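**Student:** Input: one structure, supplied below.
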Amino acid sequence: MMSKIRKLQDTWVAKGIFILTALSFMSLFGISGYINSAGQNRTVIKVNDIEISQGEISYQYEKELNTARQMFGDNINITDNMRTSLLLALVQKQLVDAVMQTTAEEYNVVIGDELIRNIIYSQSEFMDSQGAFSPSKFKMFLSLSGMSEAQYIQALRLDIERLMLVNNPVARMNVPSFLTDLLGKIENQQRVFSYIKIVPENLKLGRDISDEETEQYYQDFSENFMAPEERDISYIAVSSEEVAAQYEPSQEEIQQYYQENIAEFETPEKRDVLQMVFDTKEAADEAFAELKSGKDFYKTAEALSGQSAQDTELGEVSKDMLLAEVADDVFALKSGEMTSPIKSEFGWHIMKVNKIIPASKMPKDKANAKAIEAIRQAQAYDAAYEMSNDIEDKIGAGASLEDVAKELKTSIKQIKALTEDGKYQGSTTPLAMELVDGAFSYNPGEISQVIETDTGFAIVRVDSVKDAHLLDLDEVKPLIVKMWAENERQAMAQELSNDIMADLENGENIAETAKRFGVSLKTTAPIKKSESFDSLPSSQIFALFQENTNTPKLIEQDGDKLIVITSKIVEDKHKLTDQEKANIRNGVRRNLTDETANQLVDSYGRDYDIEVDYKLIGLAD
């Protein structure tokens, strides 16, 4: 593998791969252990004067892992392949970013602070309900993404530099009309295929298996004829909800939960509010005068403030959802009333209350029941943990499974002939693997420790064990006959397909060959490259379209064998429509622009001094 990797060193992008192999064998949760021992600030990648340290790679790697944990839980299993893929993406991104930054400096591409500011201020996700830039929303975004303001601005600069240095030049590429017509003919070309399909299971056997062959199969494939180990077990299972139901919260706990989650129990008064906003007091006064004369609020907002109906409707809002300057005045109004112009940092507001939605409060008995249930749910894990510890102590002191079941007021369940795959007698649904693992970890008569399950905990007792053993020949003879027949038919199919291919490659006609071997010949209707026959995947169809006429090709498909030739090519003669030409151009342009963008970035990088310290990474001696 190392020799293959070293051949990739001719291109600067490939150098990133060398970092991966070393890093991917580091600690399960990142590379910090390795990096700390070597010094976090030592350089891993160097592009001219830009240096990327081990610490930066470690930081980015940990960020990606934390994101994965947030999405899939802390118990996500990070495999070597996942680490390698993640590190590959990170290293390549660092290399491309460094090359873009160096290229921007070389070509004097300067992204000014004013442009960055305008872009940030215009992003909808950073705007408040009035359409103004919200610093608090911006800070929340940075917090959720794990970036500082400086890091976000730097990332934005790099995106703009890539747009100017790569995306814009590549986007100007065009597809000439002659190429469009040629590609159209290729795309719309049709082919007729003749093929022979050999299905092994349809082949007739000329004899039965002999006694000697039966005995040989029994010996050679004995692992297929083993009866698995079986265990009879008894167990009790307790859910966290059952444990939690025994917990009685105090009045102080109920009241504390109520106050901390008051929004679940009490809904504040809300008001359905309309609003129009003006830059000057004079404009607001003019609108207020029209409203007082009886003019419609929506029409006035549209005529004098340029607001649509959607802009005018704030919807149902509570007092704390409004600007401090207008909140008291709005909530002092009666339904149908409006305020006079009110000044805020965003301009002059006129507000109207359409409807008042009174405050509501959940009845005390329902609120208490809801709080108790929530507290019990919150206590479920801790209560189950404490109970399980108590049970383990009692088992250690000699308590039987029956004693534990009696104390927990639960029943004992029994499982017969349990195997390690979770299957057992009388059920088609496998037993939970946590219980299976417990059942196969103890000796007959032993009681397991408390086993944590998805819903709570369980305790298992092994009642008896039946060891794995080789089944008698008479019991497995039907299986041996089936295996032998399948192998025989596969061998016959392989020999038959080899003979047919040899004759076709010697120039024989496929129809005559099929007749001589007594197999049926099928012929397709004319099909395009985007179509298929006999359920062949698109990759196989594409490969068939590359073959010359009457050239045989053998295809393996789910054990069957297809011998296919192109018997006829139907050239496309229709004139492409404008829409067809546009579709072809767009498809070609997408492929060309992606490849050209990569090549352009690569060409920039070839001009720079790019180094990777393989020895420091631990990849080379």
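Letters A, B, ... mark the chains of the structure tokens in the order given; residue numbers begin at 1 per chain; ligand numbers begin at 1, in order shown.
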Please build the interface table for region 235-321 of chain A against region 120-133 of chain A with a cut-off of 10 Å, listing for each qualifying residue the nearest atom pair and the distance in Å to one decimal; count only C-alpha atoms, order rows by chain and increasing number, and write it as JSON lines.

**Tutor:**
```
{"residue": "A:Val277", "atom": "CA", "partner": "A:Gln130", "partner_atom": "CA", "distance": 9.2}
{"residue": "A:Asp311", "atom": "CA", "partner": "A:Gln130", "partner_atom": "CA", "distance": 8.7}
{"residue": "A:Leu314", "atom": "CA", "partner": "A:Ser129", "partner_atom": "CA", "distance": 8.5}
```

**Student:** Identify, on the basis of only C-alpha atoms, every residue whose closest approach to Ile262 (chain A) does not exceed 12 Å; exclude the query and any residue fewer than 4 positions from it along the same chain; express the result as number ranges by chain.

**Tutor:** A: 254-258, 266-268, 360-362, 367, 370-371

**Student:** Provide the CA of Asp393 (chain A) to CA of Arg231 (chain A) distance in Å, to one decimal place.

**Tutor:**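 Interatomic distance, CA of Asp393 (chain A) to CA of Arg231 (chain A): 25.7 Å.
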
**Student:** Report the residues of region 112-217 of chain A whose backbone DSSP state falls under strand (DSSP E), written as a PyMOL selection string.

**Tutor:** chain A and resi 190-198

**Student:** Write out as a list in words each polymer residue whose atoms come within 6 Å of region 450-467 of chain A, counting only C-alpha atoms; drop sequence neighbours fewer than 3 positions from it.

**Tutor:**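 Close residues of region 450-467 of chain A: Glu229, Glu230, Arg231, Asp232, Ile233, Ser234, Tyr235, Ile236, Ala237, Val238, Ser239, Ser240, Pro444, Gly445, Glu446 and Ile447 of chain A.
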
**Student:** Please identify all polymer residues within 12 Å of Asn498 (chain A), counting only C-alpha atoms, omitting same-chain residues fewer than 4 positions from it, and present them as a PyMOL selection string.

**Tutor:** chain A and resi 198+491-494+502-505+517+552-555+561-563

**Student:** For a quick check of understanding, using only C-alpha atoms, which of A:Glu316, A:Glu531, A:Glu264, A:Asp558 has the smallest distance to Ile357 (chain A)?

**Tutor:**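 Using only C-alpha atoms, Ile357 (chain A) sits closest to A:Glu316.
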
**Student:** Find the spatial neighbours of Gln425 (chain A), counting only C-alpha atoms, within a cut-off of 9 Å - ignore same-chain residues fewer than 3 positions away - and output them as a list in words.

**Tutor:**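 Contacts, with the query itself left out: Ile415, Lys416, Ala417, Leu418 and Thr428 of chain A.
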
**Student:** Contacts of region 342-345 of chain A at 8 Å or less, counting only C-alpha atoms, minus same-chain residues fewer than 2 places along, as a ChimeraX atom specification?

**Tutor:** /A:323,325-326,339-340,347-350

**Student:** Restricting the output to all heavy atoms, write the selected residues as a PDB file, in the first residue's frame.

**Tutor:**
```pdb
ATOM      1  N   LEU A 323     -40.895  44.944  21.196  1.00  0.00           N
ATOM      2  CA  LEU A 323     -39.873  45.908  21.582  1.00  0.00           C
ATOM      3  C   LEU A 323     -40.294  46.603  22.869  1.00  0.00           C
ATOM      4  O   LEU A 323     -41.487  46.900  23.073  1.00  0.00           O
ATOM      5  CB  LEU A 323     -39.666  46.950  20.484  1.00  0.00           C
ATOM      6  CG  LEU A 323     -39.091  46.435  19.159  1.00  0.00           C
ATOM      7  CD1 LEU A 323     -39.176  47.516  18.094  1.00  0.00           C
ATOM      8  CD2 LEU A 323     -37.645  46.002  19.352  1.00  0.00           C
ATOM      9  N   GLU A 325     -40.017  49.552  23.764  1.00  0.00           N
ATOM     10  CA  GLU A 325     -40.601  50.881  23.579  1.00  0.00           C
ATOM     11  C   GLU A 325     -42.096  50.833  23.276  1.00  0.00           C
ATOM     12  O   GLU A 325     -42.825  51.807  23.545  1.00  0.00           O
ATOM     13  CB  GLU A 325     -39.896  51.622  22.429  1.00  0.00           C
ATOM     14  CG  GLU A 325     -38.430  51.948  22.690  1.00  0.00           C
ATOM     15  CD  GLU A 325     -37.501  50.834  22.229  1.00  0.00           C
ATOM     16  OE1 GLU A 325     -37.972  49.687  22.099  1.00  0.00           O
ATOM     17  OE2 GLU A 325     -36.310  51.114  22.020  1.00  0.00           O
ATOM     18  N   VAL A 326     -42.574  49.719  22.725  1.00  0.00           N
ATOM     19  CA  VAL A 326     -43.982  49.662  22.316  1.00  0.00           C
ATOM     20  C   VAL A 326     -44.798  48.699  23.155  1.00  0.00           C
ATOM     21  O   VAL A 326     -46.038  48.728  23.114  1.00  0.00           O
ATOM     22  CB  VAL A 326     -44.095  49.261  20.825  1.00  0.00           C
ATOM     23  CG1 VAL A 326     -43.328  50.215  19.940  1.00  0.00           C
ATOM     24  CG2 VAL A 326     -43.631  47.831  20.601  1.00  0.00           C
ATOM     25  N   THR A 339     -52.224  52.468  18.616  1.00  0.00           N
ATOM     26  CA  THR A 339     -51.384  53.474  19.275  1.00  0.00           C
ATOM     27  C   THR A 339     -51.157  54.662  18.355  1.00  0.00           C
ATOM     28  O   THR A 339     -51.306  54.558  17.126  1.00  0.00           O
ATOM     29  CB  THR A 339     -50.011  52.875  19.630  1.00  0.00           C
ATOM     30  OG1 THR A 339     -49.302  52.599  18.400  1.00  0.00           O
ATOM     31  CG2 THR A 339     -50.130  51.610  20.440  1.00  0.00           C
ATOM     32  N   SER A 340     -50.783  55.775  18.937  1.00  0.00           N
ATOM     33  CA  SER A 340     -50.239  56.879  18.144  1.00  0.00           C
ATOM     34  C   SER A 340     -48.800  56.510  17.805  1.00  0.00           C
ATOM     35  O   SER A 340     -48.259  55.529  18.334  1.00  0.00           O
ATOM     36  CB  SER A 340     -50.298  58.178  18.954  1.00  0.00           C
ATOM     37  OG  SER A 340     -49.600  58.017  20.186  1.00  0.00           O
ATOM     38  N   GLY A 347     -37.373  53.040  14.010  1.00  0.00           N
ATOM     39  CA  GLY A 347     -38.226  54.024  13.341  1.00  0.00           C
ATOM     40  C   GLY A 347     -39.444  54.357  14.172  1.00  0.00           C
ATOM     41  O   GLY A 347     -39.439  54.235  15.411  1.00  0.00           O
ATOM     42  N   TRP A 348     -40.497  54.782  13.478  1.00  0.00           N
ATOM     43  CA  TRP A 348     -41.743  55.177  14.135  1.00  0.00           C
ATOM     44  C   TRP A 348     -42.810  54.126  13.847  1.00  0.00           C
ATOM     45  O   TRP A 348     -43.078  53.780  12.706  1.00  0.00           O
ATOM     46  CB  TRP A 348     -42.195  56.554  13.625  1.00  0.00           C
ATOM     47  CG  TRP A 348     -41.272  57.650  14.103  1.00  0.00           C
ATOM     48  CD1 TRP A 348     -40.119  58.061  13.540  1.00  0.00           C
ATOM     49  CD2 TRP A 348     -41.447  58.451  15.275  1.00  0.00           C
ATOM     50  NE1 TRP A 348     -39.523  59.062  14.257  1.00  0.00           N
ATOM     51  CE2 TRP A 348     -40.343  59.328  15.347  1.00  0.00           C
ATOM     52  CE3 TRP A 348     -42.429  58.519  16.276  1.00  0.00           C
ATOM     53  CZ2 TRP A 348     -40.191  60.266  16.366  1.00  0.00           C
ATOM     54  CZ3 TRP A 348     -42.275  59.454  17.284  1.00  0.00           C
ATOM     55  CH2 TRP A 348     -41.170  60.320  17.334  1.00  0.00           C
ATOM     56  N   HIS A 349     -43.426  53.610  14.916  1.00  0.00           N
ATOM     57  CA  HIS A 349     -44.370  52.504  14.819  1.00  0.00           C
ATOM     58  C   HIS A 349     -45.795  52.965  15.107  1.00  0.00           C
ATOM     59  O   HIS A 349     -46.028  53.791  16.007  1.00  0.00           O
ATOM     60  CB  HIS A 349     -44.037  51.404  15.833  1.00  0.00           C
ATOM     61  CG  HIS A 349     -42.638  50.908  15.761  1.00  0.00           C
ATOM     62  ND1 HIS A 349     -42.294  49.697  15.219  1.00  0.00           N
ATOM     63  CD2 HIS A 349     -41.458  51.479  16.174  1.00  0.00           C
ATOM     64  CE1 HIS A 349     -40.983  49.518  15.309  1.00  0.00           C
ATOM     65  NE2 HIS A 349     -40.453  50.596  15.890  1.00  0.00           N
ATOM     66  N   ILE A 350     -46.744  52.417  14.347  1.00  0.00           N
ATOM     67  CA  ILE A 350     -48.164  52.513  14.684  1.00  0.00           C
ATOM     68  C   ILE A 350     -48.658  51.081  14.827  1.00  0.00           C
ATOM     69  O   ILE A 350     -48.523  50.270  13.909  1.00  0.00           O
ATOM     70  CB  ILE A 350     -48.972  53.245  13.601  1.00  0.00           C
ATOM     71  CG1 ILE A 350     -48.439  54.669  13.405  1.00  0.00           C
ATOM     72  CG2 ILE A 350     -50.457  53.272  13.966  1.00  0.00           C
ATOM     73  CD1 ILE A 350     -49.103  55.423  12.271  1.00  0.00           C
TER      74      ILE A 350
END
```

**Student:** Neighbouring residues of Lys185 (chain A) were defined as those with any atom within 12 Å, considering only C-alpha atoms; residues of the same chain fewer than 6 positions away were excluded. Please report them as a list in words.

**Tutor:** Phe178, Leu179, Lys528, Lys529, Ile569, Val570, Glu571, Asp572, Lys573, His574, Lys575, Leu576, Glu580, Lys581 and Ile584 of chain A

**Student:** I'd like to know which of A:Val481, A:Thr180, A:Asn550, A:Ser530 is closest to Gly507 (chain A), using only C-alpha atoms.

**Tutor:**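 Using only C-alpha atoms, the shortest distance to Gly507 (chain A) belongs to A:Asn550.
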
**Student:** Take CA of Leu90 (chain A) and CA of Ile116 (chain A) and report the distance between them in Å, one decimal.

**Tutor:**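 Going from CA of Leu90 (chain A) over to CA of Ile116 (chain A) covers 24.6 Å.
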
**Student:** Write out, as a Markdown table, each residue of region 127-156 of chain A that has an atom at most 12 Å from region 93-103 of chain A, together with the closest pair of atoms and their distance in Å to one decimal, counting only C-alpha atoms, rows going by chain and rising number.

**Tutor:**
```
| residue | atom | partner | partner_atom | distance |
| --- | --- | --- | --- | --- |
| A:Gln154 | CA | A:Gln101 | CA | 10.0 |
| A:Ala155 | CA | A:Asp97 | CA | 8.8 |
| A:Leu156 | CA | A:Asp97 | CA | 11.2 |
```

**Student:** Report, in Å with one decimal, the straight-line distance from CA of Val353 (chain A) to CA of Val273 (chain A).

**Tutor:**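 Here the two named atoms are 4.7 Å from each other.
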
**Student:** Which is closer to Val166 (chain A) than all the others in A:Ala287, A:Leu600, A:Ile480, A:Met338, using only C-alpha atoms?

**Tutor:**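 Of A:Ala287, A:Leu600, A:Ile480, A:Met338, the one nearest Val166 (chain A) is A:Leu600, counting only C-alpha atoms.
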
**Student:** Would you please work out which residue, of A:Gln557, A:Asp296, A:Leu86, A:Glu223, is nearest to Ser535 (chain A) when using only C-alpha atoms?

**Tutor:** A:Gln557

**Student:** Which one of A:Glu486, A:Glu242, A:Glu495, A:Asp602 sits closest to Leu408 (chain A) if you count only C-alpha atoms?

**Tutor:**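 Closest candidate: A:Glu242.
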
**Student:** As a ChimeraX atom specification, list the residues of region 65-293 of chain A assigned to alpha helix (DSSP H) by DSSP on the backbone atoms of this structure.

**Tutor:** /A:65-72,80-106,113-122,135-145,149-162,168-171,177-188,211-220,240-245,251-260,281-292
